[in-house]
>>> print(open('coords.cif').read())   # mmCIF, C-alpha atoms
data_model
loop_
_atom_site.label_atom_id
_atom_site.label_comp_id
_atom_site.auth_asym_id
_atom_site.auth_seq_id
_atom_site.Cartn_x
_atom_site.Cartn_y
_atom_site.Cartn_z
CA MET A 1 -9.99 -64.67 27.18
CA ALA A 2 -9.97 -66.11 30.70
CA GLU A 3 -13.11 -66.94 32.63
CA GLN A 4 -14.65 -64.09 34.63
CA ARG A 5 -14.02 -64.37 38.39
CA TYR A 6 -15.71 -62.61 41.28
CA LEU A 7 -14.30 -61.54 44.62
CA PHE A 8 -17.05 -60.59 47.06
CA ILE A 9 -16.22 -58.59 50.18
CA ALA A 10 -18.94 -58.16 52.78
CA GLY A 11 -18.92 -56.33 56.08
CA GLY A 12 -21.68 -56.88 58.63
CA ILE A 13 -25.17 -56.77 57.18
CA GLY A 14 -23.56 -55.99 53.80
CA ILE A 15 -23.68 -59.76 53.34
CA THR A 16 -27.37 -59.44 52.42
CA PRO A 17 -26.99 -58.04 48.86
CA ILE A 18 -23.71 -59.94 48.38
CA LEU A 19 -25.43 -63.25 49.15
CA THR A 20 -27.80 -62.69 46.23
CA MET A 21 -24.81 -62.09 43.95
CA ILE A 22 -23.13 -65.26 45.24
CA ARG A 23 -26.25 -67.28 44.48
CA ALA A 24 -26.29 -65.90 40.92
CA ALA A 25 -22.58 -66.68 40.44
CA GLU A 26 -23.11 -70.18 41.81
CA THR A 27 -26.08 -70.78 39.49
CA ALA A 28 -24.01 -69.58 36.53
CA GLY A 29 -21.13 -71.87 37.49
CA THR A 30 -18.77 -68.90 37.72
CA HIS A 31 -15.66 -68.88 39.91
CA TRP A 32 -16.21 -66.78 43.03
CA ARG A 33 -14.77 -66.17 46.48
CA LEU A 34 -16.19 -64.36 49.54
CA VAL A 35 -14.41 -62.63 52.40
CA TYR A 36 -16.95 -61.77 55.09
CA GLY A 37 -16.08 -59.67 58.12
CA GLY A 38 -18.21 -58.79 61.12
CA ARG A 39 -17.78 -57.59 64.68
CA GLN A 40 -18.33 -61.02 66.23
CA ILE A 41 -19.44 -64.41 64.99
CA ALA A 42 -22.74 -64.20 66.94
CA SER A 43 -23.80 -61.11 64.94
CA MET A 44 -22.88 -62.42 61.49
CA ALA A 45 -25.88 -63.38 59.34
CA PHE A 46 -26.31 -66.34 56.96
CA LEU A 47 -23.39 -68.38 58.34
CA ASP A 48 -25.37 -71.63 58.09
CA GLU A 49 -26.03 -71.04 54.41
CA LEU A 50 -22.44 -70.02 53.72
CA ALA A 51 -21.07 -73.09 55.53
CA GLY A 52 -22.04 -75.23 52.54
CA CYS A 53 -19.77 -73.21 50.24
CA GLY A 54 -16.54 -74.68 51.60
CA ASP A 55 -13.21 -72.90 51.17
CA ARG A 56 -14.65 -70.27 48.82
CA VAL A 57 -15.85 -68.44 51.94
CA THR A 58 -13.58 -66.86 54.54
CA VAL A 59 -15.39 -65.68 57.68
CA LEU A 60 -13.48 -63.13 59.77
CA PRO A 61 -15.10 -62.08 63.05
CA GLN A 62 -13.16 -58.98 64.12
CA ASP A 63 -13.08 -59.88 67.82
CA GLU A 64 -11.28 -63.16 66.98
CA LYS A 65 -9.33 -62.50 63.77
CA GLY A 66 -9.09 -58.72 63.39
CA LEU A 67 -10.00 -56.65 60.35
CA ILE A 68 -10.03 -57.99 56.80
CA ASP A 69 -6.50 -57.84 55.34
CA LEU A 70 -7.40 -55.64 52.38
CA ALA A 71 -3.77 -55.00 51.43
CA GLY A 72 -3.17 -58.73 51.07
CA LEU A 73 -6.51 -59.31 49.38
CA LEU A 74 -6.45 -56.39 46.94
CA GLY A 75 -2.79 -55.31 46.78
CA VAL A 76 -2.25 -56.88 43.35
CA PRO A 77 -5.01 -56.64 40.73
CA LEU A 78 -6.25 -60.08 39.72
CA PRO A 79 -6.84 -60.63 36.00
CA ASP A 80 -10.45 -61.09 34.88
CA THR A 81 -11.69 -60.46 38.44
CA LYS A 82 -14.53 -58.18 39.44
CA VAL A 83 -14.69 -57.04 43.07
CA TYR A 84 -18.11 -56.49 44.66
CA CYS A 85 -18.23 -54.97 48.13
CA CYS A 86 -20.99 -54.01 50.53
CA GLY A 87 -20.71 -52.96 54.15
CA PRO A 88 -20.10 -49.95 56.35
CA GLU A 89 -18.67 -46.78 54.78
CA PRO A 90 -15.16 -47.20 56.30
CA LEU A 91 -14.88 -50.64 54.65
CA LEU A 92 -16.10 -49.30 51.32
CA ALA A 93 -13.65 -46.38 51.43
CA ALA A 94 -10.76 -48.71 52.28
CA VAL A 95 -11.67 -51.12 49.47
CA GLU A 96 -11.94 -48.22 47.00
CA GLN A 97 -8.49 -47.01 48.06
CA LYS A 98 -6.94 -50.50 47.79
CA CYS A 99 -8.51 -51.02 44.34
CA ALA A 100 -7.13 -47.75 42.94
CA ALA A 101 -4.57 -49.70 40.86
CA TRP A 102 -7.18 -52.14 39.55
CA PRO A 103 -8.82 -51.62 36.13
CA GLU A 104 -11.47 -48.90 36.30
CA ASP A 105 -14.41 -51.28 35.82
CA ALA A 106 -13.20 -53.93 38.31
CA LEU A 107 -14.72 -52.51 41.50
CA HIS A 108 -18.41 -52.29 42.30
CA VAL A 109 -19.64 -51.09 45.69
CA GLU A 110 -23.12 -51.25 47.17
CA ARG A 111 -24.00 -48.52 49.66
CA PHE A 112 -26.94 -48.47 52.05
CA ALA A 113 -26.88 -44.65 51.92
CA ALA A 114 -25.41 -42.11 49.53
CA ARG A 115 -21.81 -41.15 50.08
CA PRO A 116 -21.71 -38.08 52.34
CA LEU A 117 -21.22 -34.78 50.51
CA THR A 118 -18.37 -32.63 51.71
CA ALA A 119 -19.01 -29.72 49.35
CA PRO A 120 -21.72 -28.55 46.99
CA VAL A 121 -21.87 -30.54 43.77
CA LEU A 122 -21.74 -27.30 41.75
CA ASP A 123 -20.98 -23.80 42.98
CA GLY A 124 -22.67 -21.72 40.31
CA GLU A 125 -25.51 -21.56 37.86
CA PHE A 126 -25.62 -24.11 35.05
CA GLU A 127 -27.85 -24.98 32.12
CA VAL A 128 -29.96 -28.06 31.49
CA HIS A 129 -31.15 -28.87 27.98
CA LEU A 130 -34.38 -30.89 27.71
CA ALA A 131 -34.16 -32.79 24.43
CA GLN A 132 -37.83 -33.76 24.06
CA SER A 133 -39.11 -30.21 24.53
CA ASP A 134 -35.99 -28.56 23.04
CA LEU A 135 -35.95 -26.26 26.06
CA THR A 136 -32.81 -24.97 27.79
CA LEU A 137 -33.16 -23.89 31.43
CA SER A 138 -30.77 -22.01 33.70
CA VAL A 139 -30.53 -23.58 37.15
CA PRO A 140 -29.26 -21.35 39.99
CA PRO A 141 -27.15 -22.94 42.77
CA GLU A 142 -29.97 -22.80 45.33
CA LYS A 143 -32.31 -24.86 43.12
CA SER A 144 -32.29 -28.45 41.88
CA ASP A 145 -32.64 -29.40 38.22
CA LEU A 146 -35.93 -31.06 39.12
CA ALA A 147 -37.33 -27.86 40.65
CA ALA A 148 -36.28 -25.82 37.61
CA VAL A 149 -37.85 -28.31 35.22
CA GLU A 150 -41.11 -28.45 37.19
CA GLU A 151 -41.22 -24.62 37.44
CA ALA A 152 -41.02 -24.58 33.64
CA GLY A 153 -44.27 -26.56 33.63
CA ILE A 154 -42.83 -29.97 32.78
CA GLU A 155 -43.90 -32.87 35.01
CA MET A 156 -41.30 -35.50 35.88
CA LEU A 157 -41.33 -38.67 37.92
CA SER A 158 -38.78 -38.52 40.71
CA SER A 159 -37.83 -39.85 44.13
CA CYS A 160 -35.31 -37.04 44.73
CA ARG A 161 -37.36 -34.75 46.95
CA GLU A 162 -36.66 -36.66 50.15
CA VAL A 163 -32.89 -36.05 49.83
CA TRP A 164 -32.72 -32.63 48.16
CA HIS A 165 -31.69 -30.69 51.28
CA VAL A 166 -28.61 -32.22 52.83
CA ARG A 167 -27.74 -30.96 56.30
CA ASP A 168 -24.88 -31.69 58.66
CA ASP A 169 -26.45 -33.61 61.56
CA ARG A 170 -24.38 -31.76 64.18
CA SER A 171 -24.74 -28.14 63.10
CA GLY A 172 -27.81 -28.00 60.91
CA GLN A 173 -25.75 -26.22 58.24
CA ARG A 174 -26.32 -27.04 54.59
CA THR A 175 -23.39 -29.07 53.23
CA GLY A 176 -24.58 -29.68 49.72
CA SER A 177 -27.42 -29.56 47.31
CA PRO A 178 -27.60 -32.82 45.40
CA ARG A 179 -28.84 -32.41 41.87
CA LEU A 180 -30.77 -34.79 39.67
CA GLY A 181 -28.31 -37.18 38.09
CA ALA A 182 -25.43 -36.21 40.39
CA GLY A 183 -25.36 -39.36 42.46
#
>>> encode(input="coords.cif", output="structure tokens")
Amino acid sequence: MAEQRYLFIAGGIGITPILTMIRAAETAGTHWRLVYGGRQIASMAFLDELAGCGDRVTVLPQDEKGLIDLAGLLGVPLPDTKVYCCGPEPLLAAVEQKCAAWPEDALHVERFAARPLTAPVLDGEFEVHLAQSDLTLSVPPEKSDLAAVEEAGIEMLSSCREVWHVRDDRSGQRTGSPRLGAG
């Protein structure tokens, strides 16, 4: 089996989590490469630190060099290569599209916010089975799993409440109702 390789793609401040991954790959002695795009060189973070990495790093300020050539970079799947990407949503969507022919486990993306919902996760009622209490609950579409579980008298730790109601910023209309474990 060939040595594992890593291709890191960062856009803008997406370099922050990618830089930690690069440090780990460097410490492990693993082969890696970074393509880092930003609007302009003056706004791109960590360039001094990346300068010491030599030709493994390609810096592409958009105002000088244009957008990252994702077709050239990702057009042909590379054996034993994992792709890690972090940046603005349009970059992530483009990388996901270009990696469609890659093995299913090759691409990993880091988002600063959940992917926007375009439709409800589920349209109708569904059931949740709680293994420890051997309890099965029906969850109507207007309720989250968490709310149904808590209404049944079972306490759960969760950080979901802050994102349960998703609204379209322009109209105020509900666009989805994320459910525990759906994202």
>>> resolve_selection(input="coords.cif", expression="the PyMOL selection byres ((chain A and resi 83-89) around 10)", output="NGL selection string")
:A and (5-18 or 21 or 32-38 or 74 or 77-78 or 81-82 or 90-96 or 99 or 102 or 105-116)
>>> write_last_selection(input="coords.cif", atoms="C-alpha atoms", output="mmCIF file, in the coordinates of the input")
data_model
loop_
_atom_site.group_PDB
_atom_site.id
_atom_site.type_symbol
_atom_site.label_atom_id
_atom_site.label_comp_id
_atom_site.auth_asym_id
_atom_site.auth_seq_id
_atom_site.Cartn_x
_atom_site.Cartn_y
_atom_site.Cartn_z
ATOM 1 C CA ARG A 5 -14.020 -64.370 38.390
ATOM 2 C CA TYR A 6 -15.710 -62.610 41.280
ATOM 3 C CA LEU A 7 -14.300 -61.540 44.620
ATOM 4 C CA PHE A 8 -17.050 -60.590 47.060
ATOM 5 C CA ILE A 9 -16.220 -58.590 50.180
ATOM 6 C CA ALA A 10 -18.940 -58.160 52.780
ATOM 7 C CA GLY A 11 -18.920 -56.330 56.080
ATOM 8 C CA GLY A 12 -21.680 -56.880 58.630
ATOM 9 C CA ILE A 13 -25.170 -56.770 57.180
ATOM 10 C CA GLY A 14 -23.560 -55.990 53.800
ATOM 11 C CA ILE A 15 -23.680 -59.760 53.340
ATOM 12 C CA THR A 16 -27.370 -59.440 52.420
ATOM 13 C CA PRO A 17 -26.990 -58.040 48.860
ATOM 14 C CA ILE A 18 -23.710 -59.940 48.380
ATOM 15 C CA MET A 21 -24.810 -62.090 43.950
ATOM 16 C CA TRP A 32 -16.210 -66.780 43.030
ATOM 17 C CA ARG A 33 -14.770 -66.170 46.480
ATOM 18 C CA LEU A 34 -16.190 -64.360 49.540
ATOM 19 C CA VAL A 35 -14.410 -62.630 52.400
ATOM 20 C CA TYR A 36 -16.950 -61.770 55.090
ATOM 21 C CA GLY A 37 -16.080 -59.670 58.120
ATOM 22 C CA GLY A 38 -18.210 -58.790 61.120
ATOM 23 C CA LEU A 74 -6.450 -56.390 46.940
ATOM 24 C CA PRO A 77 -5.010 -56.640 40.730
ATOM 25 C CA LEU A 78 -6.250 -60.080 39.720
ATOM 26 C CA THR A 81 -11.690 -60.460 38.440
ATOM 27 C CA LYS A 82 -14.530 -58.180 39.440
ATOM 28 C CA PRO A 90 -15.160 -47.200 56.300
ATOM 29 C CA LEU A 91 -14.880 -50.640 54.650
ATOM 30 C CA LEU A 92 -16.100 -49.300 51.320
ATOM 31 C CA ALA A 93 -13.650 -46.380 51.430
ATOM 32 C CA ALA A 94 -10.760 -48.710 52.280
ATOM 33 C CA VAL A 95 -11.670 -51.120 49.470
ATOM 34 C CA GLU A 96 -11.940 -48.220 47.000
ATOM 35 C CA CYS A 99 -8.510 -51.020 44.340
ATOM 36 C CA TRP A 102 -7.180 -52.140 39.550
ATOM 37 C CA ASP A 105 -14.410 -51.280 35.820
ATOM 38 C CA ALA A 106 -13.200 -53.930 38.310
ATOM 39 C CA LEU A 107 -14.720 -52.510 41.500
ATOM 40 C CA HIS A 108 -18.410 -52.290 42.300
ATOM 41 C CA VAL A 109 -19.640 -51.090 45.690
ATOM 42 C CA GLU A 110 -23.120 -51.250 47.170
ATOM 43 C CA ARG A 111 -24.000 -48.520 49.660
ATOM 44 C CA PHE A 112 -26.940 -48.470 52.050
ATOM 45 C CA ALA A 113 -26.880 -44.650 51.920
ATOM 46 C CA ALA A 114 -25.410 -42.110 49.530
ATOM 47 C CA ARG A 115 -21.810 -41.150 50.080
ATOM 48 C CA PRO A 116 -21.710 -38.080 52.340
#
>>> closest_residue(input="coords.cif", among="A:Ile68, A:Val59, A:Val128, A:Ala101", to="A:Ala152", atoms="only C-alpha atoms")
A:Val128
>>> closest_residue(input="coords.cif", among="A:Val139, A:Ala100, A:Leu146, A:Cys53", to="A:Ile22", atoms="all atoms listed in the file")
A:Cys53
>>> closest_residue(input="coords.cif", among="A:Asp123, A:Glu150, A:Asp80, A:Leu50", to="A:Arg23", atoms="only C-alpha atoms")
A:Leu50
>>> resolve_selection(input="coords.cif", expression="the PyMOL selection byres ((chain A and resi 61) around 9)", output="compact mmCIF listing (two decimals) with C-alpha atoms, in the coordinates of the input")
# COMPACT_ATOMS: atom_id res chain seq x y z
CA TYR A 36 -16.95 -61.77 55.09
CA GLY A 37 -16.08 -59.67 58.12
CA GLY A 38 -18.21 -58.79 61.12
CA ARG A 39 -17.78 -57.59 64.68
CA GLN A 40 -18.33 -61.02 66.23
CA ILE A 41 -19.44 -64.41 64.99
CA ALA A 42 -22.74 -64.20 66.94
CA SER A 43 -23.80 -61.11 64.94
CA MET A 44 -22.88 -62.42 61.49
CA VAL A 59 -15.39 -65.68 57.68
CA LEU A 60 -13.48 -63.13 59.77
CA GLN A 62 -13.16 -58.98 64.12
CA ASP A 63 -13.08 -59.88 67.82
CA GLU A 64 -11.28 -63.16 66.98
CA LYS A 65 -9.33 -62.50 63.77
CA GLY A 66 -9.09 -58.72 63.39
CA LEU A 67 -10.00 -56.65 60.35
>>> atom_distance(input="coords.cif", atom1="atom CA of A:Thr30", atom2="atom CA of A:Pro79")
14.6 Å
>>> atom_distance(input="coords.cif", atom1="atom CA of A:Leu19", atom2="atom CA of A:His31")
14.6 Å
>>> atom_distance(input="coords.cif", atom1="atom CA of A:Ala51", atom2="atom CA of A:Glu26")
14.2 Å
>>> decode(input="coords.cif", residues="stretch 70-100 of chain A", atoms="N, CA, C and O atoms", output="PDB file, in the first residue's frame")
ATOM      1  N   LEU A  70      -9.551  24.483  -9.740  1.00  0.00           N
ATOM      2  CA  LEU A  70     -10.006  23.237  -9.132  1.00  0.00           C
ATOM      3  C   LEU A  70     -10.102  22.105 -10.139  1.00  0.00           C
ATOM      4  O   LEU A  70      -9.855  20.947  -9.793  1.00  0.00           O
ATOM      5  N   ALA A  71     -10.428  22.404 -11.387  1.00  0.00           N
ATOM      6  CA  ALA A  71     -10.495  21.354 -12.408  1.00  0.00           C
ATOM      7  C   ALA A  71      -9.114  20.731 -12.610  1.00  0.00           C
ATOM      8  O   ALA A  71      -8.980  19.508 -12.680  1.00  0.00           O
ATOM      9  N   GLY A  72      -8.091  21.557 -12.674  1.00  0.00           N
ATOM     10  CA  GLY A  72      -6.738  21.038 -12.825  1.00  0.00           C
ATOM     11  C   GLY A  72      -6.244  20.330 -11.577  1.00  0.00           C
ATOM     12  O   GLY A  72      -5.527  19.338 -11.653  1.00  0.00           O
ATOM     13  N   LEU A  73      -6.632  20.835 -10.434  1.00  0.00           N
ATOM     14  CA  LEU A  73      -6.184  20.290  -9.156  1.00  0.00           C
ATOM     15  C   LEU A  73      -6.890  18.980  -8.801  1.00  0.00           C
ATOM     16  O   LEU A  73      -6.266  18.054  -8.280  1.00  0.00           O
ATOM     17  N   LEU A  74      -8.185  18.892  -9.102  1.00  0.00           N
ATOM     18  CA  LEU A  74      -9.003  17.769  -8.647  1.00  0.00           C
ATOM     19  C   LEU A  74      -9.628  16.954  -9.770  1.00  0.00           C
ATOM     20  O   LEU A  74     -10.390  16.024  -9.493  1.00  0.00           O
ATOM     21  N   GLY A  75      -9.320  17.294 -11.018  1.00  0.00           N
ATOM     22  CA  GLY A  75      -9.958  16.633 -12.157  1.00  0.00           C
ATOM     23  C   GLY A  75      -9.731  15.135 -12.215  1.00  0.00           C
ATOM     24  O   GLY A  75     -10.590  14.382 -12.648  1.00  0.00           O
ATOM     25  N   VAL A  76      -8.563  14.683 -11.767  1.00  0.00           N
ATOM     26  CA  VAL A  76      -8.235  13.257 -11.770  1.00  0.00           C
ATOM     27  C   VAL A  76      -7.947  12.848 -10.329  1.00  0.00           C
ATOM     28  O   VAL A  76      -7.064  13.411  -9.688  1.00  0.00           O
ATOM     29  N   PRO A  77      -8.704  11.866  -9.812  1.00  0.00           N
ATOM     30  CA  PRO A  77      -8.445  11.420  -8.440  1.00  0.00           C
ATOM     31  C   PRO A  77      -7.002  10.935  -8.289  1.00  0.00           C
ATOM     32  O   PRO A  77      -6.470  10.243  -9.149  1.00  0.00           O
ATOM     33  N   LEU A  78      -6.373  11.325  -7.204  1.00  0.00           N
ATOM     34  CA  LEU A  78      -4.999  10.928  -6.918  1.00  0.00           C
ATOM     35  C   LEU A  78      -5.009   9.753  -5.940  1.00  0.00           C
ATOM     36  O   LEU A  78      -5.654   9.826  -4.896  1.00  0.00           O
ATOM     37  N   PRO A  79      -4.302   8.687  -6.276  1.00  0.00           N
ATOM     38  CA  PRO A  79      -4.313   7.512  -5.388  1.00  0.00           C
ATOM     39  C   PRO A  79      -3.761   7.849  -4.003  1.00  0.00           C
ATOM     40  O   PRO A  79      -2.816   8.615  -3.875  1.00  0.00           O
ATOM     41  N   ASP A  80      -4.351   7.235  -3.001  1.00  0.00           N
ATOM     42  CA  ASP A  80      -3.908   7.381  -1.601  1.00  0.00           C
ATOM     43  C   ASP A  80      -3.850   8.827  -1.141  1.00  0.00           C
ATOM     44  O   ASP A  80      -3.025   9.179  -0.305  1.00  0.00           O
ATOM     45  N   THR A  81      -4.721   9.681  -1.700  1.00  0.00           N
ATOM     46  CA  THR A  81      -4.735  11.101  -1.326  1.00  0.00           C
ATOM     47  C   THR A  81      -6.058  11.466  -0.689  1.00  0.00           C
ATOM     48  O   THR A  81      -7.121  11.159  -1.218  1.00  0.00           O
ATOM     49  N   LYS A  82      -5.964  12.119   0.448  1.00  0.00           N
ATOM     50  CA  LYS A  82      -7.137  12.682   1.119  1.00  0.00           C
ATOM     51  C   LYS A  82      -7.124  14.182   0.879  1.00  0.00           C
ATOM     52  O   LYS A  82      -6.076  14.823   0.957  1.00  0.00           O
ATOM     53  N   VAL A  83      -8.282  14.736   0.577  1.00  0.00           N
ATOM     54  CA  VAL A  83      -8.431  16.169   0.327  1.00  0.00           C
ATOM     55  C   VAL A  83      -9.152  16.779   1.525  1.00  0.00           C
ATOM     56  O   VAL A  83     -10.231  16.311   1.913  1.00  0.00           O
ATOM     57  N   TYR A  84      -8.544  17.811   2.110  1.00  0.00           N
ATOM     58  CA  TYR A  84      -9.150  18.553   3.210  1.00  0.00           C
ATOM     59  C   TYR A  84      -9.316  19.987   2.756  1.00  0.00           C
ATOM     60  O   TYR A  84      -8.360  20.603   2.284  1.00  0.00           O
ATOM     61  N   CYS A  85     -10.533  20.510   2.895  1.00  0.00           N
ATOM     62  CA  CYS A  85     -10.819  21.859   2.410  1.00  0.00           C
ATOM     63  C   CYS A  85     -11.606  22.648   3.451  1.00  0.00           C
ATOM     64  O   CYS A  85     -12.525  22.123   4.078  1.00  0.00           O
ATOM     65  N   CYS A  86     -11.228  23.927   3.588  1.00  0.00           N
ATOM     66  CA  CYS A  86     -11.971  24.836   4.444  1.00  0.00           C
ATOM     67  C   CYS A  86     -11.942  26.215   3.799  1.00  0.00           C
ATOM     68  O   CYS A  86     -10.900  26.648   3.291  1.00  0.00           O
ATOM     69  N   GLY A  87     -13.077  26.876   3.807  1.00  0.00           N
ATOM     70  CA  GLY A  87     -13.165  28.202   3.225  1.00  0.00           C
ATOM     71  C   GLY A  87     -14.612  28.598   3.064  1.00  0.00           C
ATOM     72  O   GLY A  87     -15.508  27.994   3.658  1.00  0.00           O
ATOM     73  N   PRO A  88     -14.860  29.584   2.222  1.00  0.00           N
ATOM     74  CA  PRO A  88     -16.245  30.033   2.016  1.00  0.00           C
ATOM     75  C   PRO A  88     -17.082  28.957   1.312  1.00  0.00           C
ATOM     76  O   PRO A  88     -16.553  28.107   0.590  1.00  0.00           O
ATOM     77  N   GLU A  89     -18.385  29.009   1.521  1.00  0.00           N
ATOM     78  CA  GLU A  89     -19.296  27.996   0.979  1.00  0.00           C
ATOM     79  C   GLU A  89     -19.155  27.791  -0.534  1.00  0.00           C
ATOM     80  O   GLU A  89     -19.175  26.645  -0.983  1.00  0.00           O
ATOM     81  N   PRO A  90     -18.987  28.846  -1.354  1.00  0.00           N
ATOM     82  CA  PRO A  90     -18.835  28.588  -2.792  1.00  0.00           C
ATOM     83  C   PRO A  90     -17.598  27.732  -3.117  1.00  0.00           C
ATOM     84  O   PRO A  90     -17.646  26.879  -4.002  1.00  0.00           O
ATOM     85  N   LEU A  91     -16.513  27.928  -2.391  1.00  0.00           N
ATOM     86  CA  LEU A  91     -15.322  27.090  -2.582  1.00  0.00           C
ATOM     87  C   LEU A  91     -15.619  25.649  -2.183  1.00  0.00           C
ATOM     88  O   LEU A  91     -15.294  24.704  -2.915  1.00  0.00           O
ATOM     89  N   LEU A  92     -16.248  25.469  -1.032  1.00  0.00           N
ATOM     90  CA  LEU A  92     -16.557  24.117  -0.573  1.00  0.00           C
ATOM     91  C   LEU A  92     -17.464  23.386  -1.556  1.00  0.00           C
ATOM     92  O   LEU A  92     -17.239  22.216  -1.868  1.00  0.00           O
ATOM     93  N   ALA A  93     -18.484  24.070  -2.055  1.00  0.00           N
ATOM     94  CA  ALA A  93     -19.406  23.454  -3.018  1.00  0.00           C
ATOM     95  C   ALA A  93     -18.675  23.073  -4.301  1.00  0.00           C
ATOM     96  O   ALA A  93     -18.897  21.992  -4.861  1.00  0.00           O
ATOM     97  N   ALA A  94     -17.784  23.939  -4.764  1.00  0.00           N
ATOM     98  CA  ALA A  94     -17.023  23.649  -5.989  1.00  0.00           C
ATOM     99  C   ALA A  94     -16.079  22.466  -5.779  1.00  0.00           C
ATOM    100  O   ALA A  94     -15.960  21.601  -6.651  1.00  0.00           O
ATOM    101  N   VAL A  95     -15.429  22.403  -4.637  1.00  0.00           N
ATOM    102  CA  VAL A  95     -14.528  21.287  -4.338  1.00  0.00           C
ATOM    103  C   VAL A  95     -15.330  19.986  -4.238  1.00  0.00           C
ATOM    104  O   VAL A  95     -14.924  18.951  -4.781  1.00  0.00           O
ATOM    105  N   GLU A  96     -16.484  20.031  -3.593  1.00  0.00           N
ATOM    106  CA  GLU A  96     -17.328  18.835  -3.507  1.00  0.00           C
ATOM    107  C   GLU A  96     -17.727  18.360  -4.902  1.00  0.00           C
ATOM    108  O   GLU A  96     -17.692  17.159  -5.185  1.00  0.00           O
ATOM    109  N   GLN A  97     -18.075  19.287  -5.764  1.00  0.00           N
ATOM    110  CA  GLN A  97     -18.473  18.918  -7.127  1.00  0.00           C
ATOM    111  C   GLN A  97     -17.298  18.318  -7.897  1.00  0.00           C
ATOM    112  O   GLN A  97     -17.437  17.305  -8.560  1.00  0.00           O
ATOM    113  N   LYS A  98     -16.123  18.909  -7.777  1.00  0.00           N
ATOM    114  CA  LYS A  98     -14.937  18.428  -8.497  1.00  0.00           C
ATOM    115  C   LYS A  98     -14.438  17.093  -7.949  1.00  0.00           C
ATOM    116  O   LYS A  98     -13.779  16.342  -8.655  1.00  0.00           O
ATOM    117  N   CYS A  99     -14.748  16.791  -6.693  1.00  0.00           N
ATOM    118  CA  CYS A  99     -14.315  15.524  -6.084  1.00  0.00           C
ATOM    119  C   CYS A  99     -15.364  14.419  -6.217  1.00  0.00           C
ATOM    120  O   CYS A  99     -15.205  13.344  -5.641  1.00  0.00           O
ATOM    121  N   ALA A 100     -16.408  14.654  -6.985  1.00  0.00           N
ATOM    122  CA  ALA A 100     -17.478  13.660  -7.122  1.00  0.00           C
ATOM    123  C   ALA A 100     -16.959  12.322  -7.639  1.00  0.00           C
ATOM    124  O   ALA A 100     -17.480  11.263  -7.283  1.00  0.00           O
TER     125      ALA A 100
END
